[in-house]
Every structure is written in C-alpha cells, then in structure tokens.
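Note sheet for the following structure.
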Amino acid sequence: MKRRTFLAGSAAALAAPVLAQSQWPRGQTIRIIVPFPAGAANDAMGRLAGQVLQEKLGATVVVENRPGGSASIGTTAVLHAAPDGYTLLASAFNHIILNHAVKAVTFDPQADFETIGRTARAPLLMVMAPDRLQKNLAEVIAAAKSAPNNWTFAIPALGAPSHLATVDLMSRAGLDITTSPYRGTAPALTDVLGGHVQLLIDASFALIPVSRAGKVKTLGITTKDRSPLAPDIPTIAEQGFAGYDSSPGTGCGRRRAHRARSASESTR
Amino acid sequence: MRETMRDPAIVERLNKSLLEPVVETIDESKVFIAAEVPKSVALLKKAGFEAQ
C-alpha cells in the first residue's frame with residue numbers, strides 16, 4: 001500500500017544547515033518515506049518533520065507511507081532513491097538492525113544509511129486483551145507459563161523496538177508462548193481489542209488512547225522509570241524485572257551519498 | 001528540528017502521547033543510534049531469534 005500526502009507550504013532540511021526560504025532550490029521537493037501505515041508514531045513524527053521543513057524552507061514536502069515487510073519495503077525505497085539527500089526515512093530506527101530480523105533484507109543498514117537526527121523518545125506500553133482477568137504483569141506471566149497455548153504476543157514489526165522489548169521480556173520471564181508478526185500496529189491492536197491475541201507491546205503513541213479509554217488492560221511501561229506524563233502506569237522493571245528498559249527514539253535517516261564500508265569490510 | 005522540539009505547543013502535543021521531544025545535535029543522535037545496534041543484535045541473539 002502506498003499513501004502519499006503533499007504538504008504544501010513553506011519549510012529546512014533536517015540534515016542540512018538552516019537555509020532561508022529564498023535559498024531553497026526552486027522546485028526541489030523533499031520526500032519523506034514512512035515505512036509504516038498512517039497513524040503510527042513514525043508517521044506522526046514524519047509529518048511533523050515535513051511541516052517544519054515546509055515552514056523553514058518553502059519547499060514542497062511529500063510524505064509517503066510505504067508499509068510492509070516489517071518496514072523493509074519503505075526502507076528499501078529510500079535506499080533506491082537518488083542519493084541527493086532529498087529523500088528521508090522517518091523511522092523508529094528499526095532499520096538499523098533490519099538485516100538481523102528480516103531475511104529478505106539485502107542492504108547493510110550501517111553502510112547504506114546515515115542518521116540525520118533523533119526527534120523524540122517514544123516509550124512503549126504493554127497491554128492485554130480486555131477479556132483476560134489477570135490484574136497485573138505477575139499474574140499474566142504466571143497464567144502464560146501455566147497455559148502457554150492460551151497466550152499469544154502480537155509483534156507489530158520484526159526488528160522494531162516493540163519486537164525487541166517483547167523478546168527481552170519473554171527472555172527475562174522465561175516465557176515460551178507464540179509470537180505473531182503483524183503488518184503494523186493497527187492490525188495487531190485490532191486483534192488485541194477483539195481478544196484474538198492477548199498481549200502487545202508497542203508505542204505509547206498508538207496505545208495510550210485505548211489504554212485511557214479502558215479498551216485494553218495496561219500492564220506497564222517499558223522505560224526504566226515511570227513516565228512523569230503517566231505516573232499511574234507502573235514500569236515493567238518495577239514488577240520484578242529490574243534492569244528492563246526500552247526507550248526507543250524516533251527520527252530521520254537517509255541513504256548515504258556514498259556507501260560506507262561495512263563493519264565486515266573494514267576488518268578485512 | 002531542535003528549535004521545533006523546544007516549541008511549547010509541539011512539546012504539549014507530543015506529551016499527550018507520552019512522547020518526549022529530544023533536543024540534541026546530529027552527532028549526539030548518531031552516537032545514540034550507533035550504540036543501539038550492538039545492544040539490539042545481542043538481544044535478538046540472546047532470545048534465540050532468527051531472521052524471518
């Protein structure tokens with residue numbers, strides 16, 4: 001699926017020094033590719049970046065959603081763009097390890113991409129389907145160990161921070177339950193809301209509305225300390241998992257103008 | 001973007017979703033992201049995850 005939004009107006013390139021509007025190359029469009037569906041945290045941050053670029057540079061900015069393949073489709077689209085710096089990747093930086101999570105990925109994230117900037121920390125929430133009776137994380141883990149076939153963890157995207165946070169928790173808890181990959185947050189959350197899968201860790205951006213509305217049970221936040229923005233939500237760390245900490249960033253990257261030597265090439 | 005991330009209206013908008021704006025240089029971002037790679041790969045290996 002491809003969704004394009006043209007952001008008309010004025011705006012400066014994230015990576016470039018700030019330019020006055022009059023200095024921006026006439027007709028030069030900035031393309032921001034979001035490798036997730038509209039509505040994801042990356043999508044929101046990508047659109048925010050687009051607005052800023054318009055306002056600072058006076059450029060036309062196109063935000064394009066290219067979901068699928070655990071973000072590999074959109075990321076690959078950036079890799080195939082002209083190496084002129086005008087095509088950006090709005091990401092939770094999951095592309096940095098995509099080659100370790102998705103077999104079909106053939107690029108080397110470190111050699112082929114460069115980081116432009118981190119714009120926000122995006123904590124994750126762990127939520128549970130509303131039809132489950134457990135009251136807290138300890139009860140969930142006990143129940144899942146007792147009847148592992150009755151529990152499934154939704155994975156919105158392989159290699160994404162939500163996936164890493166999930167495998168980290170499962171490893172620490174000694175949980176051996178099914179994990180089910182999805183094409184993004186929306187379908188995963190839909191199945192949690194419907195009780196088809198039971199557990200989901202994903203960006204607070206997507207989960208806080210259903211959490212606050214009581215449509216899911218919120219089990220914890222993945223940050224080391226409670227968020228001052230939601231002090232009522234306990235950390236996973238304080239519920240028996242000291243040291244557990246996942247506080248991923250969102251931001252932008254782009255393909256390198258010239259491919260850098262990969263780590264393996266550098267050691268030859 | 002750093003200037004934008006200090007904008008009170010943007011901060012308020014992000015905070016509603018528990019997002020915390022980051023105000024750092026490009027080099028600081030690069031250091032943060034570079035440090036995430038080995039940690040994330042180690043986590044996948046420790047969990048026995050294989051690319052799918």
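Order determines the names: the first chain of the structure tokens is A, the second B, and so forth; residues in each chain are numbered 1 upward, and ligands are numbered 1 upward as they are shown.
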Q: Show me which bits of chain A are within 7 Å of chain B, counting only C-alpha atoms, as a PyMOL selection string.
A: chain A and resi 14+96-97+100-103+115-123+164+167-168+171+204-205+208+229
Q. Could you pull the residues within 7 Å of region 252-255 of chain A, counting only C-alpha atoms, minus those fewer than 3 positions along the same chain, as a list in words?
A. Val78, Leu79, Pro83, Gly85, Thr87, Leu88, Leu89, Ala90, Ser91, Asp112, Phe113, Glu114, Thr115, Ile116, Gly117 and Arg118 of chain A
Export, as an mmCIF file, in the first residue's frame, the selected residues with C-alpha atoms.
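Full text of out.cif as output:
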```cif
data_model
loop_
_atom_site.group_PDB
_atom_site.id
_atom_site.type_symbol
_atom_site.label_atom_id
_atom_site.label_comp_id
_atom_site.auth_asym_id
_atom_site.auth_seq_id
_atom_site.Cartn_x
_atom_site.Cartn_y
_atom_site.Cartn_z
ATOM 1 C CA VAL A 78 14.761 5.171 0.445
ATOM 2 C CA LEU A 79 17.814 3.141 -0.482
ATOM 3 C CA PRO A 83 21.492 9.890 -3.302
ATOM 4 C CA GLY A 85 19.709 13.944 0.343
ATOM 5 C CA THR A 87 14.570 11.598 0.304
ATOM 6 C CA LEU A 88 14.329 10.951 4.024
ATOM 7 C CA LEU A 89 13.303 7.949 6.102
ATOM 8 C CA ALA A 90 11.045 8.682 9.094
ATOM 9 C CA SER A 91 11.741 5.826 11.422
ATOM 10 C CA ASP A 112 23.982 2.229 3.407
ATOM 11 C CA PHE A 113 22.190 4.648 5.742
ATOM 12 C CA GLU A 114 23.105 7.531 7.962
ATOM 13 C CA THR A 115 21.281 9.035 10.906
ATOM 14 C CA ILE A 116 20.064 12.576 10.483
ATOM 15 C CA GLY A 117 18.564 13.152 13.892
ATOM 16 C CA ARG A 118 16.527 11.788 16.751
#
```
Q: Report the distance between CA of Gln239 (chain A) and CA of Glu139 (chain A) in Å, rounded to one decimal place.
A: 10.6 Å
Q. Running DSSP on the backbone, which parts of chain B land in alpha helix (DSSP H), as number ranges by chain?
A. B: 2-5, 8-15, 26-46
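Nearest residue to Ala186 (chain A) among A:Pro25, A:Gly174, A:Pro37, A:Pro228 is A:Pro37, counting only C-alpha atoms.
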Q.
Using DSSP assignments from the backbone, pull out every residue in region 9-248 of chain A that falls under strand (DSSP E) and give it to me as JSON, numbers by chain.
A. {"A": [29, 30, 31, 32, 33, 34, 60, 61, 62, 63, 64, 65, 87, 88, 89, 90, 91, 113, 114, 115, 116, 117, 118, 119, 120, 121, 124, 125, 126, 127, 128, 152, 153, 154, 155, 178, 179, 180, 181, 199, 200, 201, 202, 203, 217, 218, 219, 220, 221]}
Residue subset to file, keeping N, CA and C atoms, as a short mmCIF file (atom, residue, chain, number, x, y, z; two decimals), in the first residue's frame:
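That gives us out-v7.cif:
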```
data_model
loop_
_atom_site.label_atom_id
_atom_site.label_comp_id
_atom_site.auth_asym_id
_atom_site.auth_seq_id
_atom_site.Cartn_x
_atom_site.Cartn_y
_atom_site.Cartn_z
N THR A 29 11.72 19.15 -4.40
CA THR A 29 10.78 18.52 -3.46
C THR A 29 11.54 17.65 -2.47
N ILE A 30 11.08 17.69 -1.23
CA ILE A 30 11.60 16.78 -0.21
C ILE A 30 10.59 15.65 -0.05
N ARG A 31 11.08 14.44 -0.05
CA ARG A 31 10.23 13.27 0.07
C ARG A 31 10.55 12.60 1.40
N ILE A 32 9.53 12.39 2.19
CA ILE A 32 9.73 11.69 3.48
C ILE A 32 8.98 10.37 3.38
N ILE A 33 9.70 9.27 3.48
CA ILE A 33 9.07 7.95 3.40
C ILE A 33 8.91 7.40 4.82
N VAL A 34 7.68 7.05 5.13
CA VAL A 34 7.36 6.43 6.42
C VAL A 34 7.12 4.95 6.14
N THR A 60 8.24 22.09 -1.21
CA THR A 60 7.10 21.17 -1.18
C THR A 60 7.59 19.86 -0.57
N VAL A 61 6.84 19.37 0.39
CA VAL A 61 7.22 18.13 1.06
C VAL A 61 6.15 17.08 0.81
N VAL A 62 6.58 15.92 0.40
CA VAL A 62 5.67 14.80 0.18
C VAL A 62 5.94 13.74 1.23
N VAL A 63 4.91 13.41 2.00
CA VAL A 63 5.06 12.32 2.98
C VAL A 63 4.37 11.10 2.40
N GLU A 64 5.12 10.02 2.34
CA GLU A 64 4.63 8.83 1.66
C GLU A 64 4.71 7.63 2.59
N ASN A 65 3.58 6.99 2.82
CA ASN A 65 3.57 5.78 3.65
C ASN A 65 3.85 4.56 2.77
N THR A 87 15.51 12.65 -0.09
CA THR A 87 14.57 11.60 0.30
C THR A 87 14.97 11.12 1.69
N LEU A 88 14.04 11.26 2.63
CA LEU A 88 14.33 10.95 4.02
C LEU A 88 13.50 9.76 4.51
N LEU A 89 14.01 9.07 5.48
CA LEU A 89 13.30 7.95 6.10
C LEU A 89 12.87 8.38 7.50
N ALA A 90 11.57 8.38 7.75
CA ALA A 90 11.04 8.68 9.09
C ALA A 90 10.87 7.36 9.81
N SER A 91 11.61 7.18 10.88
CA SER A 91 11.74 5.83 11.42
C SER A 91 11.89 5.82 12.93
N PHE A 113 23.02 3.56 5.20
CA PHE A 113 22.19 4.65 5.74
C PHE A 113 22.96 5.48 6.75
N GLU A 114 22.54 6.70 6.90
CA GLU A 114 23.11 7.53 7.96
C GLU A 114 21.98 8.19 8.76
N THR A 115 22.26 8.40 10.02
CA THR A 115 21.28 9.04 10.91
C THR A 115 21.31 10.54 10.71
N ILE A 116 20.14 11.12 10.58
CA ILE A 116 20.06 12.58 10.48
C ILE A 116 19.78 13.18 11.85
N GLY A 117 18.84 12.60 12.57
CA GLY A 117 18.56 13.15 13.89
C GLY A 117 17.46 12.41 14.60
N ARG A 118 17.58 12.36 15.92
CA ARG A 118 16.53 11.79 16.75
C ARG A 118 15.65 12.95 17.22
N THR A 119 14.36 12.77 17.11
CA THR A 119 13.47 13.88 17.46
C THR A 119 12.70 13.66 18.77
N ALA A 120 12.49 12.40 19.13
CA ALA A 120 11.72 12.16 20.36
C ALA A 120 12.04 10.78 20.93
N ARG A 121 11.85 10.68 22.23
CA ARG A 121 11.86 9.36 22.87
C ARG A 121 10.41 8.89 22.89
N LEU A 124 7.26 2.62 25.20
CA LEU A 124 6.30 1.60 24.78
C LEU A 124 5.42 1.23 25.96
N LEU A 125 4.22 0.79 25.64
CA LEU A 125 3.32 0.27 26.67
C LEU A 125 3.08 -1.20 26.40
N MET A 126 2.85 -1.95 27.48
CA MET A 126 2.43 -3.34 27.33
C MET A 126 0.95 -3.39 27.71
N VAL A 127 0.15 -3.92 26.78
CA VAL A 127 -1.30 -4.00 27.04
C VAL A 127 -1.78 -5.43 26.84
N MET A 128 -2.96 -5.68 27.39
CA MET A 128 -3.55 -7.03 27.34
C MET A 128 -4.99 -6.94 26.84
N THR A 152 -0.82 -15.42 23.21
CA THR A 152 -0.02 -15.04 22.03
C THR A 152 0.38 -13.58 22.17
N PHE A 153 1.63 -13.33 21.84
CA PHE A 153 2.15 -11.96 21.83
C PHE A 153 2.11 -11.44 20.39
N ALA A 154 1.45 -10.34 20.14
CA ALA A 154 1.46 -9.71 18.81
C ALA A 154 2.77 -8.95 18.62
N ILE A 155 3.35 -9.09 17.43
CA ILE A 155 4.57 -8.35 17.09
C ILE A 155 4.25 -7.44 15.91
N THR A 178 3.56 -18.26 21.87
CA THR A 178 3.59 -17.92 20.44
C THR A 178 3.73 -16.41 20.25
N THR A 179 4.55 -16.03 19.28
CA THR A 179 4.59 -14.63 18.86
C THR A 179 4.05 -14.58 17.43
N SER A 180 3.24 -13.58 17.18
CA SER A 180 2.58 -13.49 15.88
C SER A 180 2.90 -12.16 15.20
N PRO A 181 3.68 -12.17 14.12
CA PRO A 181 4.01 -10.92 13.43
C PRO A 181 2.81 -10.32 12.70
N LEU A 199 -1.54 -10.27 24.06
CA LEU A 199 -0.54 -9.32 24.58
C LEU A 199 0.09 -8.51 23.45
N LEU A 200 0.43 -7.29 23.77
CA LEU A 200 1.06 -6.42 22.77
C LEU A 200 1.92 -5.38 23.49
N ILE A 201 3.13 -5.25 23.03
CA ILE A 201 3.97 -4.12 23.45
C ILE A 201 4.16 -3.25 22.21
N ASP A 202 3.83 -1.99 22.34
CA ASP A 202 4.01 -1.09 21.19
C ASP A 202 4.04 0.36 21.67
N ALA A 203 4.22 1.25 20.72
CA ALA A 203 4.43 2.66 21.04
C ALA A 203 3.26 3.25 21.82
N LYS A 217 -6.24 -3.62 28.86
CA LYS A 217 -5.67 -3.51 30.20
C LYS A 217 -4.20 -3.15 30.06
N THR A 218 -3.79 -2.11 30.72
CA THR A 218 -2.41 -1.66 30.61
C THR A 218 -1.58 -2.29 31.71
N LEU A 219 -0.57 -3.04 31.30
CA LEU A 219 0.23 -3.78 32.27
C LEU A 219 1.50 -3.05 32.69
N GLY A 220 2.00 -2.19 31.83
CA GLY A 220 3.22 -1.49 32.22
C GLY A 220 3.80 -0.66 31.11
N ILE A 221 4.79 0.14 31.48
CA ILE A 221 5.54 0.96 30.54
C ILE A 221 6.98 0.44 30.53
#
```
